[in-house]
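Reproduced below: query_1.cif, with mmCIF, C-alpha atoms.
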data_structure
#
loop_
_atom_site.label_atom_id
_atom_site.label_comp_id
_atom_site.auth_asym_id
_atom_site.auth_seq_id
_atom_site.Cartn_x
_atom_site.Cartn_y
_atom_site.Cartn_z
CA MET A 1 43.51 21.26 28.67
CA GLY A 2 45.43 23.89 30.55
CA THR A 3 42.92 23.99 33.39
CA VAL A 4 42.94 20.18 33.59
CA TYR A 5 46.73 20.23 34.00
CA LEU A 6 46.26 22.92 36.68
CA HIS A 7 43.92 20.66 38.67
CA LEU A 8 46.39 17.80 38.29
CA GLY A 9 49.18 19.98 39.66
CA GLN A 10 51.21 19.58 36.46
CA TYR A 11 52.14 23.24 36.21
CA PRO A 12 54.74 23.23 33.37
CA GLN A 13 52.27 21.49 31.06
CA ALA A 14 49.51 23.83 32.25
CA LEU A 15 51.64 26.86 31.37
CA GLU A 16 52.25 25.59 27.87
CA HIS A 17 48.56 25.07 27.07
CA LEU A 18 47.34 28.17 28.89
CA GLN A 19 49.77 30.34 26.92
CA ARG A 20 48.46 28.85 23.66
CA ALA A 21 44.91 29.66 24.80
CA MET A 22 46.02 33.21 25.56
CA ASP A 23 47.49 33.63 22.06
CA ILE A 24 44.20 32.53 20.47
CA ARG A 25 42.10 34.83 22.66
CA LEU A 26 44.35 37.79 21.91
CA GLU A 27 44.12 37.06 18.19
CA ILE A 28 40.32 37.03 18.17
CA ASP A 29 40.09 39.94 20.68
CA ASP A 30 38.15 37.96 23.30
CA ARG A 31 38.69 40.37 26.23
CA THR A 32 36.75 38.30 28.76
CA GLY A 33 38.71 35.23 27.67
CA VAL A 34 41.98 37.15 28.01
CA ALA A 35 41.11 37.98 31.61
CA GLN A 36 40.39 34.30 32.27
CA SER A 37 43.69 33.25 30.69
CA TYR A 38 45.67 35.70 32.83
CA ASN A 39 43.82 34.36 35.88
CA ASN A 40 44.70 30.74 35.02
CA LEU A 41 48.33 31.63 34.28
CA GLY A 42 48.50 33.25 37.71
CA PHE A 43 47.52 30.00 39.39
CA ALA A 44 50.05 28.08 37.27
CA TYR A 45 52.94 30.37 38.24
CA LYS A 46 51.85 30.29 41.86
CA GLY A 47 51.91 26.49 41.75
CA LEU A 48 55.52 26.72 40.52
CA GLY A 49 56.38 29.00 43.46
CA GLU A 50 57.01 32.00 41.17
CA ASN A 51 55.01 34.46 43.25
CA GLN A 52 56.20 37.64 41.52
CA GLU A 53 55.18 36.36 38.09
CA ALA A 54 51.92 35.01 39.53
CA LEU A 55 51.09 38.42 41.02
CA GLU A 56 51.67 40.14 37.68
CA GLN A 57 49.39 37.67 35.89
CA PHE A 58 46.58 38.21 38.41
CA GLN A 59 47.01 41.98 38.16
CA TRP A 60 46.74 41.82 34.37
CA ALA A 61 43.64 39.64 34.79
CA LEU A 62 42.03 42.34 36.92
CA GLU A 63 42.97 45.08 34.45
CA ALA A 64 41.35 43.09 31.64
CA TYR A 65 38.32 42.37 33.81
CA GLU A 66 37.82 46.04 34.75
CA GLU A 67 38.15 47.06 31.10
CA VAL A 68 35.17 44.80 30.29
CA SER A 69 33.25 45.60 33.49
CA GLY A 70 33.58 49.33 32.82
CA ARG A 71 31.41 48.89 29.73
CA LEU A 72 28.56 47.48 31.83
CA THR A 73 26.51 50.55 32.70
CA ILE A 74 23.84 48.57 34.55
CA GLY A 75 24.84 47.79 38.15
CA GLU A 76 22.82 44.56 38.30
CA LEU A 77 24.96 43.05 35.52
CA ARG A 78 28.25 43.47 37.40
CA PRO A 79 28.00 41.23 40.49
CA THR A 80 27.81 38.01 38.44
CA PHE A 81 30.74 39.21 36.37
CA VAL A 82 32.71 40.06 39.52
CA GLN A 83 32.21 36.56 40.94
CA GLN A 84 34.15 35.08 38.02
CA TYR A 85 37.26 36.96 39.16
CA ILE A 86 36.87 37.14 42.93
CA HIS A 87 39.68 34.59 43.28
CA ALA A 88 41.98 36.89 41.31
CA TYR A 89 41.29 39.71 43.77
CA GLU A 90 42.00 37.40 46.68
CA GLN A 91 45.24 36.17 45.09
CA VAL A 92 46.47 39.72 44.48
CA VAL A 93 45.85 40.62 48.13
CA SER A 94 47.52 37.44 49.44
CA LEU A 95 50.51 37.56 47.07
CA SER A 96 51.06 41.27 47.73
CA LEU A 97 51.26 40.48 51.45
CA ASP A 98 53.61 37.53 50.80
CA LEU A 99 55.87 39.87 48.78
CA ASP A 100 55.78 42.50 51.57
CA ARG A 101 53.69 45.04 49.64
CA PRO A 102 50.99 45.96 52.16
CA ASN A 103 49.95 49.18 50.39
CA GLU A 104 49.19 47.26 47.21
CA ALA A 105 47.33 44.63 49.23
CA PHE A 106 45.08 47.28 50.80
CA GLU A 107 44.30 48.97 47.49
CA SER A 108 43.47 45.59 45.95
CA SER A 109 41.19 44.91 48.91
CA GLU A 110 39.36 48.15 48.10
CA ARG A 111 39.06 47.17 44.43
CA ALA A 112 37.61 43.78 45.39
CA ARG A 113 34.62 45.28 47.17
CA ALA A 114 31.23 46.10 45.70
CA ARG A 115 32.14 48.19 42.68
CA ALA A 116 28.51 48.47 41.62
CA PHE A 117 27.75 50.24 44.91
CA LEU A 118 30.70 52.60 44.54
CA ASP A 119 29.62 53.37 40.98
CA GLN A 120 26.15 54.31 42.20
CA LEU A 121 27.62 56.66 44.78
CA GLY A 122 29.88 58.30 42.25
CA ASN A 123 27.20 58.92 39.60
CA HIS A 124 24.09 61.07 39.59
CA ARG A 125 20.93 59.25 40.62
CA LEU A 126 18.70 58.14 37.77
CA ASP A 127 15.06 57.09 37.63
CA PRO A 128 14.90 53.74 35.78
CA HIS A 129 11.41 54.67 34.53
CA ALA A 130 12.50 57.95 32.90
CA GLY A 131 12.90 57.56 29.15
CA ALA A 132 12.16 53.83 29.38
CA ASP A 133 9.95 51.82 27.06
CA PRO A 134 6.32 52.46 28.20
CA THR A 135 5.51 48.80 27.65
CA LEU A 136 8.24 47.82 30.15
CA VAL A 137 6.96 50.39 32.66
CA GLU A 138 3.46 48.92 32.38
CA GLN A 139 4.88 45.40 32.86
CA GLU A 140 6.79 46.58 35.92
CA GLN A 141 3.65 48.02 37.52
CA GLN A 142 1.66 44.85 36.81
CA LEU A 143 4.42 42.59 38.13
CA SER A 144 4.80 44.71 41.26
CA GLY A 145 1.08 44.28 41.97
CA GLU A 146 1.28 40.52 41.46
CA ILE A 147 4.21 40.31 43.86
CA ALA A 148 2.32 42.29 46.50
CA ALA A 149 -0.73 40.02 46.16
CA LEU A 150 1.30 36.81 46.46
CA ALA A 151 3.22 38.20 49.44
CA ARG A 152 -0.07 38.95 51.22
CA ARG A 153 -1.32 35.42 50.53
CA VAL A 154 1.86 33.94 52.06
CA GLN A 155 1.48 36.19 55.13
CA GLU A 156 -2.17 35.27 55.55
CA GLU A 157 -1.42 31.55 55.35
CA HIS A 158 1.38 31.77 57.91
CA ALA A 159 -0.82 33.87 60.23
CA LYS A 160 -3.44 31.10 60.50
CA PRO A 161 -3.51 28.80 63.57
CA ALA A 162 -1.36 25.71 63.10
CA ASP A 163 -4.38 23.38 62.74
CA GLN A 164 -5.81 25.52 59.92
CA ARG A 165 -2.58 26.23 58.06
CA ASN A 166 -1.93 24.57 54.70
CA ASP A 167 1.87 24.31 54.58
CA GLU A 168 1.89 22.75 51.12
CA LEU A 169 -0.17 25.65 49.73
CA ALA A 170 2.11 28.16 51.48
CA ARG A 171 5.18 26.57 49.88
CA GLU A 172 3.53 26.60 46.45
CA ILE A 173 2.62 30.29 46.78
CA GLN A 174 6.13 31.06 48.09
CA SER A 175 7.65 29.34 45.05
CA ARG A 176 5.48 31.43 42.71
CA LEU A 177 6.44 34.55 44.66
CA GLU A 178 10.17 33.89 44.28
CA ALA A 179 9.71 33.32 40.54
CA LYS A 180 7.90 36.67 40.23
CA ARG A 181 10.64 38.40 42.19
CA ALA A 182 13.31 36.96 39.88
CA ALA A 183 11.30 38.13 36.88
CA TYR A 184 11.04 41.60 38.44
CA ALA A 185 14.82 41.82 38.86
CA ASP A 186 15.28 40.89 35.18
CA LEU A 187 12.65 43.46 34.16
CA LEU A 188 14.42 46.17 36.15
CA VAL A 189 17.59 45.50 34.15
CA GLN A 190 15.59 45.82 30.92
CA LEU A 191 14.11 49.12 32.15
CA LYS A 192 17.57 50.51 32.77
CA LEU A 193 18.94 49.24 29.48
CA SER A 194 16.13 51.05 27.66
CA ASN A 195 17.03 54.35 29.39
CA PRO A 196 19.69 56.24 27.36
CA GLU A 197 20.93 58.10 30.46
CA TYR A 198 22.42 54.92 31.88
CA ALA A 199 24.96 54.88 29.05
CA SER A 200 26.50 58.02 30.56
CA LEU A 201 27.37 56.38 33.88
CA VAL A 202 31.08 56.21 34.64
CA PHE A 203 33.21 53.51 36.25
CA VAL A 204 34.31 54.90 39.65
CA ASP A 205 37.81 54.01 40.85
CA PRO A 206 38.56 53.38 44.55
CA LEU A 207 40.74 55.97 46.28
CA PRO A 208 44.46 55.30 46.86
CA LEU A 209 45.66 54.69 50.41
CA GLU A 210 47.35 58.08 50.81
CA GLU A 211 44.20 59.98 49.80
CA ILE A 212 42.04 57.98 52.21
CA GLN A 213 44.44 58.83 55.03
CA SER A 214 44.86 62.52 54.21
CA LYS A 215 41.37 63.48 52.98
CA VAL A 216 38.86 60.96 54.30
CA LEU A 217 39.84 59.98 57.84
CA GLY A 218 39.38 62.37 60.73
CA GLU A 219 42.17 63.11 63.18
CA GLU A 220 40.72 60.99 65.99
CA VAL A 221 39.46 58.09 63.90
CA THR A 222 40.85 54.63 63.22
CA LEU A 223 39.60 52.60 60.27
CA ILE A 224 39.75 48.79 60.31
CA GLU A 225 39.26 47.07 56.97
CA TYR A 226 39.03 43.29 57.02
CA PHE A 227 39.67 41.00 54.08
CA VAL A 228 38.64 37.34 54.37
CA ALA A 229 40.35 35.02 51.90
CA GLU A 230 40.02 31.26 51.67
CA ASP A 231 43.18 30.45 53.62
CA GLN A 232 43.68 33.54 55.77
CA THR A 233 42.15 36.74 57.07
CA VAL A 234 43.88 40.10 57.23
CA ALA A 235 43.07 43.41 58.91
CA PHE A 236 44.28 46.76 57.57
CA VAL A 237 44.40 49.41 60.30
CA LEU A 238 44.53 53.04 59.17
CA THR A 239 44.76 56.42 60.84
CA ARG A 240 45.84 59.71 59.32
CA ASP A 241 49.48 59.01 60.08
CA HIS A 242 49.65 55.25 60.57
CA PHE A 243 49.07 52.14 58.43
CA GLN A 244 49.48 48.59 59.62
CA THR A 245 48.66 45.20 58.14
CA ILE A 246 47.82 42.49 60.67
CA PRO A 247 47.48 38.85 59.52
CA ILE A 248 44.84 36.83 61.38
CA SER A 249 45.32 33.08 61.46
CA ILE A 250 41.86 31.82 60.61
CA THR A 251 40.44 30.44 57.37
CA ARG A 252 37.21 31.63 55.78
CA GLN A 253 35.40 28.40 56.65
CA ALA A 254 36.50 28.45 60.29
CA LEU A 255 35.48 32.09 60.64
CA THR A 256 32.13 31.38 58.98
CA ASN A 257 31.49 28.57 61.45
CA ARG A 258 32.27 30.79 64.45
CA VAL A 259 30.12 33.69 63.24
CA SER A 260 27.19 31.36 62.50
CA ALA A 261 27.45 29.71 65.93
CA PHE A 262 27.59 33.12 67.66
CA ARG A 263 24.49 34.34 65.81
CA ASP A 264 22.63 31.14 66.68
CA LEU A 265 23.43 31.63 70.36
CA ILE A 266 22.16 35.21 70.27
CA ALA A 267 18.91 34.06 68.64
CA LEU A 268 18.41 31.25 71.16
CA GLU A 269 19.11 33.51 74.13
CA THR A 270 16.63 36.06 72.80
CA GLN A 271 13.90 33.44 72.41
CA GLN A 272 14.48 31.66 75.73
CA PRO A 273 16.66 33.54 78.28
CA ASP A 274 18.84 31.04 80.06
CA GLU A 275 21.95 31.37 82.21
CA CYS A 276 23.79 28.63 80.30
CA LEU A 277 22.99 30.25 76.96
CA THR A 278 24.23 33.60 78.27
CA HIS A 279 27.49 31.98 79.37
CA ASP A 280 27.93 30.25 75.99
CA ARG A 281 27.11 33.44 74.09
CA LEU A 282 29.62 35.45 76.14
CA ALA A 283 32.30 32.79 75.59
CA ALA A 284 31.69 32.91 71.83
CA ALA A 285 31.80 36.73 71.90
CA GLN A 286 35.12 36.67 73.73
CA ALA A 287 36.58 34.08 71.35
CA LEU A 288 35.72 36.20 68.31
CA PHE A 289 37.08 39.29 70.06
CA ASN A 290 40.38 37.48 70.66
CA ILE A 291 40.56 36.45 67.01
CA LEU A 292 39.51 39.71 65.34
CA PHE A 293 40.48 42.47 67.80
CA SER A 294 43.18 41.33 70.23
CA PRO A 295 45.89 41.28 67.50
CA LEU A 296 44.86 44.84 66.56
CA SER A 297 44.86 46.38 70.05
CA PRO A 298 48.41 47.83 69.94
CA HIS A 299 47.35 49.91 66.92
CA LEU A 300 43.97 51.16 68.20
CA SER A 301 44.79 54.56 69.64
CA HIS A 302 41.36 56.20 69.14
CA ARG A 303 37.95 55.55 70.66
CA THR A 304 36.16 56.11 67.34
CA LEU A 305 36.39 53.12 64.98
CA ILE A 306 35.12 52.71 61.43
CA ILE A 307 34.83 49.04 60.54
CA VAL A 308 34.79 47.85 56.92
CA PRO A 309 33.63 44.20 57.02
CA HIS A 310 34.18 41.62 54.31
CA ASN A 311 32.52 38.35 53.38
CA VAL A 312 31.01 36.59 56.43
CA LEU A 313 31.94 39.52 58.69
CA HIS A 314 29.02 41.46 57.19
CA TYR A 315 26.84 39.13 59.29
CA LEU A 316 28.74 39.65 62.55
CA PRO A 317 27.28 42.03 65.19
CA PHE A 318 30.64 43.57 66.11
CA ALA A 319 29.14 45.66 68.92
CA ALA A 320 28.29 42.45 70.84
CA LEU A 321 31.88 41.13 70.89
CA ALA A 322 33.39 41.20 74.38
CA ASP A 323 36.91 41.40 75.83
CA GLU A 324 38.34 39.08 78.47
CA GLU A 325 36.53 41.07 81.21
CA GLY A 326 33.20 40.64 79.44
CA VAL A 327 32.98 44.31 78.38
CA PRO A 328 31.22 44.67 75.00
CA LEU A 329 33.11 46.28 72.14
CA ALA A 330 30.41 48.97 71.93
CA ALA A 331 31.24 50.02 75.50
CA ARG A 332 34.93 50.43 74.62
CA TYR A 333 34.57 52.24 71.31
CA THR A 334 32.22 54.36 69.24
CA LEU A 335 31.56 52.14 66.24
CA SER A 336 30.43 52.91 62.72
CA PHE A 337 30.53 50.87 59.53
CA ALA A 338 31.23 51.44 55.84
CA PRO A 339 31.05 49.22 52.73
CA SER A 340 34.55 50.40 51.76
CA ALA A 341 37.00 53.11 52.74
CA SER A 342 36.49 54.82 49.39
CA ALA A 343 32.73 55.05 49.95
CA LEU A 344 33.33 57.27 52.98
CA SER A 345 34.36 60.18 50.79
CA TYR A 346 30.94 60.20 49.07
CA ALA A 347 29.09 59.91 52.37
CA GLN A 348 31.02 62.88 53.77
CA ALA A 349 30.50 64.95 50.64
CA ASN A 350 26.72 64.57 51.00
CA ARG A 351 26.60 65.25 54.73
CA ASN A 352 24.16 67.98 55.82
CA PRO A 353 26.04 70.56 57.92
CA ASP A 354 22.90 71.16 60.05
CA GLY A 355 22.69 67.57 61.20
CA GLY A 356 19.96 68.20 63.78
CA ARG A 357 16.87 66.69 62.17
CA LEU A 358 16.42 63.12 63.39
CA LEU A 359 13.76 60.65 62.27
CA ALA A 360 13.67 57.62 64.57
CA LEU A 361 11.30 54.65 64.29
CA GLY A 362 11.04 52.08 67.05
CA ASN A 363 9.23 48.79 67.60
CA PRO A 364 6.53 49.10 64.90
CA THR A 365 3.28 47.26 65.63
CA THR A 366 3.40 44.09 63.51
CA ASP A 367 2.59 40.42 64.06
CA LEU A 368 6.28 39.79 64.77
CA PRO A 369 7.56 39.52 68.38
CA PRO A 370 8.03 42.97 69.99
CA LEU A 371 11.57 44.35 70.15
CA ALA A 372 12.06 44.65 73.90
CA PHE A 373 14.45 47.60 73.95
CA ALA A 374 13.64 49.34 70.66
CA GLU A 375 11.37 52.05 72.08
CA GLY A 376 13.81 52.80 74.89
CA GLU A 377 16.61 53.01 72.32
CA VAL A 378 14.71 55.62 70.27
CA GLN A 379 13.75 57.62 73.36
CA ALA A 380 17.36 57.60 74.58
CA ILE A 381 18.89 59.00 71.39
CA SER A 382 16.20 61.55 70.54
CA PRO A 383 17.37 64.20 73.08
CA LEU A 384 20.81 64.17 71.43
CA TYR A 385 19.41 65.98 68.37
CA ALA A 386 18.04 69.49 67.95
CA SER A 387 14.91 68.49 66.02
CA PRO A 388 13.96 64.88 66.77
CA SER A 389 10.88 63.18 65.33
CA THR A 390 10.04 59.81 66.87
CA LEU A 391 7.54 57.26 65.60
CA LEU A 392 6.75 54.33 67.91
CA GLY A 393 4.43 51.33 67.78
CA PRO A 394 1.46 51.85 65.43
CA ASP A 395 2.79 55.27 64.37
CA ALA A 396 5.95 53.72 62.90
CA SER A 397 4.34 52.96 59.55
CA GLU A 398 5.71 52.88 56.02
CA ALA A 399 3.50 55.80 54.99
CA ALA A 400 4.77 57.92 57.90
CA PHE A 401 8.35 56.97 57.14
CA ARG A 402 8.09 57.89 53.45
CA ALA A 403 6.50 61.24 54.35
CA ALA A 404 9.12 62.23 56.93
CA ALA A 405 12.35 60.70 55.59
CA PRO A 406 13.13 63.23 52.80
CA SER A 407 13.53 66.11 55.27
CA ALA A 408 15.59 64.18 57.86
CA ASP A 409 19.37 64.51 58.32
CA TRP A 410 19.60 61.27 60.29
CA ILE A 411 17.38 58.18 60.11
CA HIS A 412 17.40 55.59 62.89
CA LEU A 413 15.38 52.38 62.46
CA ALA A 414 14.96 50.14 65.52
CA VAL A 415 12.81 47.62 63.64
CA HIS A 416 12.76 44.02 62.48
CA GLY A 417 14.56 43.36 59.20
CA GLN A 418 15.11 40.33 57.03
CA PHE A 419 17.69 39.64 54.32
CA ASN A 420 16.36 37.75 51.32
CA PRO A 421 19.39 36.03 49.71
CA LEU A 422 17.32 34.74 46.77
CA SER A 423 15.86 38.15 45.87
CA PRO A 424 17.92 40.89 47.58
CA LEU A 425 15.72 43.64 46.09
CA PHE A 426 12.91 42.34 48.28
CA SER A 427 14.74 42.30 51.61
CA PRO A 428 12.21 43.92 53.97
CA LEU A 429 12.15 46.29 56.90
CA HIS A 430 9.06 45.50 58.95
CA LEU A 431 7.02 48.65 59.64
CA ALA A 432 3.52 49.12 61.01
CA GLY A 433 0.64 48.79 58.56
CA GLU A 434 -2.69 47.17 57.87
CA LYS A 435 -1.10 43.74 57.41
CA ARG A 436 2.35 43.31 58.91
CA GLY A 437 4.41 46.16 57.50
CA LEU A 438 6.76 44.70 54.93
CA THR A 439 8.52 47.67 53.44
CA GLY A 440 10.86 46.45 50.73
CA LEU A 441 9.15 43.05 50.37
CA ASN A 442 6.04 44.29 48.63
CA SER A 443 7.74 47.31 47.02
CA PRO A 444 11.37 46.92 45.94
CA TRP A 445 13.38 49.96 47.05
CA THR A 446 15.79 50.20 44.16
CA ALA A 447 12.95 50.52 41.66
CA ARG A 448 11.20 53.39 43.44
#

Take the structure from the file and write it as C-alpha cells.
Amino acid sequence: MGTVYLHLGQYPQALEHLQRAMDIRLEIDDRTGVAQSYNNLGFAYKGLGENQEALEQFQWALEAYEEVSGRLTIGELRPTFVQQYIHAYEQVVSLSLDLDRPNEAFESSERARARAFLDQLGNHRLDPHAGADPTLVEQEQQLSGEIAALARRVQEEHAKPADQRNDELAREIQSRLEAKRAAYADLLVQLKLSNPEYASLVFVDPLPLEEIQSKVLGEEVTLIEYFVAEDQTVAFVLTRDHFQTIPISITRQALTNRVSAFRDLIALETQQPDECLTHDRLAAAQALFNILFSPLSPHLSHRTLIIVPHNVLHYLPFAALADEEGVPLAARYTLSFAPSASALSYAQANRNPDGGRLLALGNPTTDLPPLAFAEGEVQAISPLYASPSTLLGPDASEAAFRAAAPSADWIHLAVHGQFNPLSPLFSPLHLAGEKRGLTGLNSPWTAR
C-alpha cells in the first residue's frame, strides 16, 4: 500500500504505511525487507522535499543492503542483489550533491560500482574446483564440452555460403547454446558454494577520498570518475591536491542515445569509408567531447588521465572523442581506464617492478575481417619494452597466448572481441586457431 501511495504521489499516506511495514520487518528481522523499507521511505521524504531526511533513509538502506550482501561469499550472487538497490546509490549521490556534500557523493559513487570485482581483487584467488563436489566437477567438464560442440556447430552454419545456410537451424542451435551457457553459470555458482574456502572471503570496502588522493594517485595524474544517474551526469575530478565536482546537464537516456549513435557511425565508416560518414562521425565525436570534457578542461592540469567510466560510458571509445579543432582526445592526453578509483590500489600493489616483458598479439588469422592497423600497432609499441614478444596473424593463437601470458608483465591484445550480454562468462576474444579462435566463448575464463 505504501508503494502504491508513492506512485500516486500521495507522500504523507505513503509515509504512514511504509513506516508500518518497517516496524513489521524489524520485528521479524527481515534484513532485506528493512533495506527495501528504508529505500521506499527515502523516496517518500524526497517527494515531500525533505532532502536531508531522504538522504539519511537512503544511507540506512545501503547500510542494511551491505550487511546482507557481505554474507554472500559468491561473487555471482551479488550483481542481482545490487540491482535491487542501484536507485538508492544514485539517490545518495544526487542528494549529497544537492546538499553540497561532494566528498560524500564521490564516496557513494565508489560504493555503487562493481563490489563483486573489488572483492575479488581484495581476496586471495581461489580455484572453484578445489575441494568441490566431484560430481559437480564432472558435470562442469561435460557441460563445457557440450558448449564447445554447439558453438562449433553455430560457427560452421554461419560460415556456409548464403544459399546453403539454414538460418532456422542456426537459430535453434544458438538457442540451445544460450541455455547451456546459462546452466554453466548456475553450475559455477554451485561449484563455489561447495568449496569451503569461499566462506573465508571478505567484503572489501572502497577507499575514502583522502586515501585515494594521498596514496593512490601519482603526482602528475588526474583521475576523472563519471557517474551517470537517470536525470543527470556528474564528473568527479581528482588530483593529489585538488578535488572538484562538475555537474553535466545530460540525462542517462540522452547520453545513451549519443553514445549509441557515435558507435554506429564508427562501425559504418569502418565497413564503407565515406567522406560524409567521416564528417558525421567527427561531428558526433566533437559533440560528446563538448558534453563530457569541455566542462572539465579548467581542472585538467596533467597530460596523464585515468578515466573511471560508469553505465553507458563503459561503451564509449573515449580516445576517439575530438575537440573543436578535430584533435582526438588520445592525441591530447595519455589515457588509461579503471573500474573504480579504489581498484587502482590493488593494481599498483601487484605491479611488477621489472615491467619490461611485453606479450603483444595482433590481427590473429580468423574468418573475421582483418584489423587493418592491428599489426602496425603491435610493431609500434614493441620497441618500447626491454623484452617484447609479438605474435601476429596465424601465430596469435590461444595456445600460444596461454603459454606465454604467465611470464609477461604487460599484455597487449589488438584482436577482435565480442561482449555477450546474455552470458558474460562467454564473451570471446578472437584468436587464431583451427576454427575461428574463440577464446572465452568455448572456454569460460572465470572457471579456468

Residues selected by the PyMOL selection byres ((chain A and resi 31) around 12), written as a PyMOL selection string: chain A and resi 22-30+32-38+60-69+71

Deliver the residues from the most recent selection as a file, using C-alpha atoms, as a PDB file, in the frame of the given file.
ATOM      1  CA  MET A  22      46.020  33.210  25.560  1.00  0.00           C
ATOM      2  CA  ASP A  23      47.490  33.630  22.060  1.00  0.00           C
ATOM      3  CA  ILE A  24      44.200  32.530  20.470  1.00  0.00           C
ATOM      4  CA  ARG A  25      42.100  34.830  22.660  1.00  0.00           C
ATOM      5  CA  LEU A  26      44.350  37.790  21.910  1.00  0.00           C
ATOM      6  CA  GLU A  27      44.120  37.060  18.190  1.00  0.00           C
ATOM      7  CA  ILE A  28      40.320  37.030  18.170  1.00  0.00           C
ATOM      8  CA  ASP A  29      40.090  39.940  20.680  1.00  0.00           C
ATOM      9  CA  ASP A  30      38.150  37.960  23.300  1.00  0.00           C
ATOM     10  CA  THR A  32      36.750  38.300  28.760  1.00  0.00           C
ATOM     11  CA  GLY A  33      38.710  35.230  27.670  1.00  0.00           C
ATOM     12  CA  VAL A  34      41.980  37.150  28.010  1.00  0.00           C
ATOM     13  CA  ALA A  35      41.110  37.980  31.610  1.00  0.00           C
ATOM     14  CA  GLN A  36      40.390  34.300  32.270  1.00  0.00           C
ATOM     15  CA  SER A  37      43.690  33.250  30.690  1.00  0.00           C
ATOM     16  CA  TYR A  38      45.670  35.700  32.830  1.00  0.00           C
ATOM     17  CA  TRP A  60      46.740  41.820  34.370  1.00  0.00           C
ATOM     18  CA  ALA A  61      43.640  39.640  34.790  1.00  0.00           C
ATOM     19  CA  LEU A  62      42.030  42.340  36.920  1.00  0.00           C
ATOM     20  CA  GLU A  63      42.970  45.080  34.450  1.00  0.00           C
ATOM     21  CA  ALA A  64      41.350  43.090  31.640  1.00  0.00           C
ATOM     22  CA  TYR A  65      38.320  42.370  33.810  1.00  0.00           C
ATOM     23  CA  GLU A  66      37.820  46.040  34.750  1.00  0.00           C
ATOM     24  CA  GLU A  67      38.150  47.060  31.100  1.00  0.00           C
ATOM     25  CA  VAL A  68      35.170  44.800  30.290  1.00  0.00           C
ATOM     26  CA  SER A  69      33.250  45.600  33.490  1.00  0.00           C
ATOM     27  CA  ARG A  71      31.410  48.890  29.730  1.00  0.00           C
TER      28      ARG A  71
END

Ground truth for the PyMOL selection byres ((chain A and resi 290) around 12), written as a list in words: Ile248, Ser249, Ile250, Ala283, Ala284, Ala285, Gln286, Ala287, Leu288, Phe289, Ile291, Leu292, Phe293, Ser294, Pro295, Leu296, Ser297, Leu321, Ala322, Asp323, Glu324, Glu325, Gly326 and Leu329 of chain A

Those residues you just picked out, can you put them in a file as a PDB file, in the frame of the given file with C-alpha atoms?
ATOM      1  CA  ILE A 248      44.840  36.830  61.380  1.00  0.00           C
ATOM      2  CA  SER A 249      45.320  33.080  61.460  1.00  0.00           C
ATOM      3  CA  ILE A 250      41.860  31.820  60.610  1.00  0.00           C
ATOM      4  CA  ALA A 283      32.300  32.790  75.590  1.00  0.00           C
ATOM      5  CA  ALA A 284      31.690  32.910  71.830  1.00  0.00           C
ATOM      6  CA  ALA A 285      31.800  36.730  71.900  1.00  0.00           C
ATOM      7  CA  GLN A 286      35.120  36.670  73.730  1.00  0.00           C
ATOM      8  CA  ALA A 287      36.580  34.080  71.350  1.00  0.00           C
ATOM      9  CA  LEU A 288      35.720  36.200  68.310  1.00  0.00           C
ATOM     10  CA  PHE A 289      37.080  39.290  70.060  1.00  0.00           C
ATOM     11  CA  ILE A 291      40.560  36.450  67.010  1.00  0.00           C
ATOM     12  CA  LEU A 292      39.510  39.710  65.340  1.00  0.00           C
ATOM     13  CA  PHE A 293      40.480  42.470  67.800  1.00  0.00           C
ATOM     14  CA  SER A 294      43.180  41.330  70.230  1.00  0.00           C
ATOM     15  CA  PRO A 295      45.890  41.280  67.500  1.00  0.00           C
ATOM     16  CA  LEU A 296      44.860  44.840  66.560  1.00  0.00           C
ATOM     17  CA  SER A 297      44.860  46.380  70.050  1.00  0.00           C
ATOM     18  CA  LEU A 321      31.880  41.130  70.890  1.00  0.00           C
ATOM     19  CA  ALA A 322      33.390  41.200  74.380  1.00  0.00           C
ATOM     20  CA  ASP A 323      36.910  41.400  75.830  1.00  0.00           C
ATOM     21  CA  GLU A 324      38.340  39.080  78.470  1.00  0.00           C
ATOM     22  CA  GLU A 325      36.530  41.070  81.210  1.00  0.00           C
ATOM     23  CA  GLY A 326      33.200  40.640  79.440  1.00  0.00           C
ATOM     24  CA  LEU A 329      33.110  46.280  72.140  1.00  0.00           C
TER      25      LEU A 329
END

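Computed from the coordinates, the CA of Pro161 in chain A to CA of Thr365 in chain A distance equals 19.8 Å.
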
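Shortest separation to Leu209 in chain A among A:Pro102, A:Pro309, A:Gly145, A:Pro134 occurs at residue A:Pro102, atoms counted being all atoms listed in the file.
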
Protein, DNA and RNA residues within 9 Å of (50.8, 27.8, 39.5), all atoms listed in the file, as a ChimeraX atom specification: /A:6,9-12,14-15,40-51,54

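The interatomic distance for the pair CA of Val4 in chain A and CA of Ala88 in chain A works out to 18.4 Å.
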
Expansion of the PyMOL selection byres ((chain A and resi 184) around 10) into residues, as a count of residues only: 22

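Counting only C-alpha atoms, Pro247 in chain A has the following residues at most 7 Å away, ignoring those fewer than 2 positions along the same chain: Thr233, Val234, Ala235, Thr245 and Ser249 of chain A.
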
Output C-alpha atoms for every residue in that selection, as a PDB file, in the coordinates of the input.
ATOM      1  CA  THR A 233      42.150  36.740  57.070  1.00  0.00           C
ATOM      2  CA  VAL A 234      43.880  40.100  57.230  1.00  0.00           C
ATOM      3  CA  ALA A 235      43.070  43.410  58.910  1.00  0.00           C
ATOM      4  CA  THR A 245      48.660  45.200  58.140  1.00  0.00           C
ATOM      5  CA  SER A 249      45.320  33.080  61.460  1.00  0.00           C
TER       6      SER A 249
END
